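Inspection log for the structure reproduced underneath, given as structure tokens.
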Amino acid sequence: MPPDGPPESYLQWNDAIGSKIFRPEMAGRATFLYVDERLIESIGGSGCIPTFVQATLEGPPWAKPGAGLCQKALQTLAGWRGRGLALPPYLAFLALFVLAVGVAGDFPAHAYYKRLWKLLGREDAEGTPPSFDRMLTLWDDLEVWSNRDRGGDLGVFSVRFAGNWIHVGLPKAQAILTEHERRDLTKIFVAATLDPTDTPNDLELAASIRRHGAGILRHSTLELLKDPDADPDFYSILLDIINTELEEWDGEWFDAGDEKTQSVARLCMRVDNVSKRAIVRLRVASSADFPQDGLTLTDDDDNHTGTTYECEEHLPGWSSPLRSRESEELNGAALDWRRTRGFVDLRTHWRVRFPARRVRIFVSGLPLQLPGLVEVWRLPRDVPFTVAAHDDVVPHLRAWNDSGEVALAEVPIIEGLPSRWRLYASPGAASDLHIRDHVPELALPSAARIKLVGGIKSSEGNSYFDFARPMVNVVGAGSNDQVWIGSAKLERGIDTDTLLLPKRLPLGEPITAEVRSEASVRRRLTFFLEDDPDWRQAQPSCFMNGLGTQLLTSIAEPDAGEGPWIAGALLTGAVCADTFPVFPQIPEHGHYFIVGRRVGEVVANPHLPIDLDWPAIWILDAKEGIVHFCGPGISASEPVAEATGDRQAVRLWREVVWNRRKRFAPLQNLKLSALWKRYLKVASVARG
């Protein structure tokens with residue numbers, strides 16, 4: 001409960017809920033409106049649910065008395081940006097809809113409206129509340145506010161829905177995973193050796209999360225993953241969320257306070273059909289930046305010879321083929337494909353795993369700019385593929401071929417595959433009914449997924465520069481599914497899931513990408529395109545002296561009598577190479593953090609004038625991705641590991657210094673760069 005007591009009005013409830021969910025430390029991260037009794041009671045105290053419900057039924061002061069619940073929500077939405085509010089005023093209505101998902105009672109699993117009526121104290125009511133089908137406008141506006149208005153600086157909210165009933169599916173989608181569960185998914189990804197560059201199919205992913213999630217995820221979450229038919233809507237959206245979290249993971253994790261990076265090695269194959277030979281090599285795929293000096297890998301167990309292999313970044317996300325120090329490339333066919341092989345770089349703390357498989361799926365490497373065939377962990381639907389299978393699995397492949405769901409043709413190989421392995425090529429699989437129970441590794445996607453790939457973001461939300469547009473990637477769509485961008489239908493190719501955006505799209509307005517099946521929307525996402533920035537500036541907007549103070553002149557260059565000055569790349573006067581950059585001004589956009597020496601000394605977007613109880617050392621410009629030094633000097637700015645403040649302050653200090661470190665450009669001054677690295681070392685082990 002807040003120190004000043006429980007909320008007394010609708011808007012107080014609204015802002016208290018909003019501040020719990022949309023926070024500076026969530027910048028750039030997927031955010032969900034997860035609301036349960038625990039969150040509401042953390043705001044209003046034990047037993048406050050009826051008080052919250054009554055406040056929501058009353059609505060804000062400008063809502064008309066006597067209007068229904070959803071009508072008041074629409075009235076709350078209308079013109080709210082002109083009221084000078086920090087948070088959208090309709091959050092409490094959406095929170096109420098999400099809270100209803102967890103209402104207990106003797107209801108069928110899909111009976112959402114009965115739960116909502118019970119929460120509202122009207123258990124005798126039936127059907128859909130009036131105007132509930134118009135609540136999508138509130139969810140859409142929240143997405144716009146999060147991404148366009150705030151630029152993702154308080155979290156990135158996306159409209160997700162579970163099932164075909166979008167109006168019910170939206171609140172359901174918010175209630176599937178708690179924030180703690182989402183945060184701890186990384187532990188499961190590490191234990192399961194999952195690859196963020198290419199996620200497995202739904203059956204395999206669910207099995208891996210269930211196997212390694214005991215003690216981390218709630219029992220209800222694990223049960224949901226056990227049976228996809230028990231609640232297919234929840235199952236589908238849960239896997240969609242897990243997939244998204246996995247794809248956004250960079251492979252980094254912590255072990256005893258040390259930062260480590262996990263990546264996966266994949267096979268790359270070239271087949272010579274004339275000589276009937278295959279050449280198989282091993283490459284490392286990683287979402288993390290490769291070390292500048294490359295990787296030096298040795299076996300991390302005692303069952304191998306201890307040969308050292310080397311590689312370096314070849315393409316973004318891909319290494320060169322692993323090779324020995326004698327420059328001989330590792331022969332992938334010499335590995336046991338049914339056993340996991342582990343490598344480690346002791347210098348950089350990288351761990352590379354070559355996971356065990358009894359079947360290995362390959363697709364064309366052309367979209368990845370790699371030669372030949374590239375191993376993937378998920379069988380694409382209706383896309384040509386090649387599969388290598390051990391003899392133990394071949395009978396199941398033949399039965400699958402005989403079923404008519406897929407056409408498999410054996411590729412004769414006399415050299416280049418491990419013993420008792422065969423190679424088959426197919427123009428694509430339309431169904432997995434006769435294979436998924438026997439070889440779940442070959443299961444097709446159970447639901448369509450849509451995401452954006454490539455492009456350059458203009459903020460931490462889903463906004464992109466128009467000159468560097470993303471592409472639309474659709475996975476698991478059936479042959480009858482259609483991809484739409486606004487009112488334009490995209491033509492899908494037969495060998496790729498990645499589509500280009502139409503040429504003419506609105507700027508600064510929500511753009512919706514949808515996967516449609518007949519009249520229903522299976523998946524959707526919203527993004528924005530922004531005007532190209534004006535990179536050129538005719539003249540400096542201001543001049544600064546050596547202390548970071550803005551000089552009075554703003555157009556002409558300062559007089560020589562004013563001493564050394566700097567304006568962007570323009571510099572005059574005697575300047576020593578060891579001097580520090582000029583002290584920064586407070587960013588006018590308001591998306592920044594001020595960080596002190598001690599763990600926990602941090603403040604987000606403080607009001608001016610700034611009055612701190614501790615000396616400011618760094619200004620972290622979250623919008624521009626720049627670290628500014630503002631301390632009194634190196635010796636007086638050394639980090640102090642001893643924590644100060646409450647646990648929330650300690651967590652925020654670690655969040656902005658350590659978790660967001662890759663969002664800030666490297667410091668060019670060598671002394672300041674070394675100092676910043678010492679802060680990173682302290683932040684990596686800070687615990688709140």
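Residue numbering restarts at 1 for every chain of the structure tokens, chains are lettered A, B, ... in their displayed order, and ligands are numbered from 1 as they appear.
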
**OP:** Find the residues near range 225-228 of chain A: any atom within 9 Å, counting only C-alpha atoms, skip ones fewer than 6 places away on the same chain, and give them as a list of chain:residue names.
**Re:** A:Leu203, A:Ala206, A:Ala207, A:Ile209, A:Arg210, A:Phe234, A:Tyr235, A:Ser236, A:Leu238, A:Leu239

Original post:
Residues at most 12 Å from Gln648 in chain A, counting only C-alpha atoms, excluding those fewer than 2 positions away in the same chain, as a PyMOL selection string?
Top reply: chain A and resi 20+23-25+599-603+643-646+650-655+687-688

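Residue nearest Asp36 in chain A, chosen from A:Pro171, A:Gly455, A:Gly342, A:Pro316 and counting only C-alpha atoms: A:Pro171.
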
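Nearest-residue note for Glu642 in chain A: choosing from A:Gly79, A:Arg211, A:Asp141, A:Val682, the minimum distance belongs to A:Val682, counting only C-alpha atoms.
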
Can I get the residues of range 202-318 of chain A within 12 Å of range 386-405 of chain A, each with the closest pair of atoms and their distance in Å to one decimal, using only C-alpha atoms, sorted chain first then ascending number, as a Markdown table?
```
| residue | atom | partner | partner_atom | distance |
| --- | --- | --- | --- | --- |
| A:Leu267 | CA | A:Ala388 | CA | 11.0 |
| A:Cys268 | CA | A:Thr386 | CA | 11.8 |
| A:Met269 | CA | A:Thr386 | CA | 10.3 |
| A:Arg270 | CA | A:Thr386 | CA | 11.4 |
| A:Val271 | CA | A:Thr386 | CA | 10.7 |
| A:Ala278 | CA | A:Ala388 | CA | 11.5 |
| A:Val280 | CA | A:Ala388 | CA | 11.8 |
```

Do a neighbour search on Gly105 in chain A at 8 Å with only C-alpha atoms, toss out local chain neighbours closer than 2 positions, and write the hits as a short mmCIF file (atom, residue, chain, number, x, y, z; two decimals) with all heavy atoms, in the first residue's frame.
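Contents of around.cif, as written:
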```cif
data_model
loop_
_atom_site.label_atom_id
_atom_site.label_comp_id
_atom_site.auth_asym_id
_atom_site.auth_seq_id
_atom_site.Cartn_x
_atom_site.Cartn_y
_atom_site.Cartn_z
N VAL A 103 -10.78 -14.63 -11.91
CA VAL A 103 -11.87 -14.81 -10.95
C VAL A 103 -12.21 -16.29 -10.82
O VAL A 103 -12.44 -16.98 -11.81
CB VAL A 103 -13.11 -14.00 -11.38
CG1 VAL A 103 -14.31 -14.34 -10.51
CG2 VAL A 103 -12.81 -12.50 -11.30
N PHE A 107 -16.85 -22.26 -13.35
CA PHE A 107 -17.05 -21.82 -14.72
C PHE A 107 -16.28 -22.73 -15.67
O PHE A 107 -15.23 -23.27 -15.31
CB PHE A 107 -16.53 -20.38 -14.93
CG PHE A 107 -17.06 -19.38 -13.94
CD1 PHE A 107 -16.21 -18.72 -13.08
CD2 PHE A 107 -18.42 -19.09 -13.89
CE1 PHE A 107 -16.67 -17.79 -12.19
CE2 PHE A 107 -18.90 -18.16 -12.99
CZ PHE A 107 -18.03 -17.51 -12.14
N ARG A 115 -17.12 -14.64 -15.50
CA ARG A 115 -16.16 -14.17 -14.50
C ARG A 115 -16.22 -12.65 -14.36
O ARG A 115 -16.14 -12.11 -13.25
CB ARG A 115 -14.75 -14.62 -14.89
CG ARG A 115 -14.50 -16.12 -14.75
CD ARG A 115 -13.08 -16.48 -15.20
NE ARG A 115 -12.72 -17.84 -14.80
CZ ARG A 115 -13.04 -18.92 -15.47
NH1 ARG A 115 -13.73 -18.82 -16.60
NH2 ARG A 115 -12.70 -20.13 -15.03
#
```

Subject >> Distance query Phe132 in chain A at most 9 Å, only C-alpha atoms, self and fewer than 5 positions along chain excluded, as a ChimeraX atom specification >> reply: /A:69-71,167

DSSP on the backbone: which residues in range 352-543 of chain A end up as helix (DSSP H, G or I)? Give the answer as a short mmCIF file (atom, residue, chain, number, x, y, z; two decimals) with C-alpha atoms, in the first residue's frame.
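Result written to part_32.cif:
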```
data_model
loop_
_atom_site.label_atom_id
_atom_site.label_comp_id
_atom_site.auth_asym_id
_atom_site.auth_seq_id
_atom_site.Cartn_x
_atom_site.Cartn_y
_atom_site.Cartn_z
CA LEU A 366 20.38 -17.92 -49.44
CA PRO A 367 18.13 -15.69 -47.25
CA LEU A 368 20.94 -15.70 -44.65
CA VAL A 394 13.79 -43.65 -41.25
CA PRO A 395 10.72 -45.96 -40.89
CA HIS A 396 8.72 -43.03 -39.52
CA LEU A 397 9.80 -40.84 -42.42
CA ARG A 398 8.72 -43.49 -44.91
CA ALA A 399 5.34 -43.79 -43.23
CA TRP A 400 4.97 -40.02 -43.34
CA ASN A 401 5.81 -40.05 -47.04
CA ASP A 402 3.30 -42.84 -47.68
CA PRO A 440 8.09 -34.33 -32.59
CA GLU A 441 11.19 -32.60 -33.91
CA LEU A 442 9.43 -32.53 -37.29
CA ASP A 466 11.10 5.18 -43.19
CA PHE A 467 14.48 5.05 -44.98
CA ALA A 468 15.37 1.80 -43.16
#
```
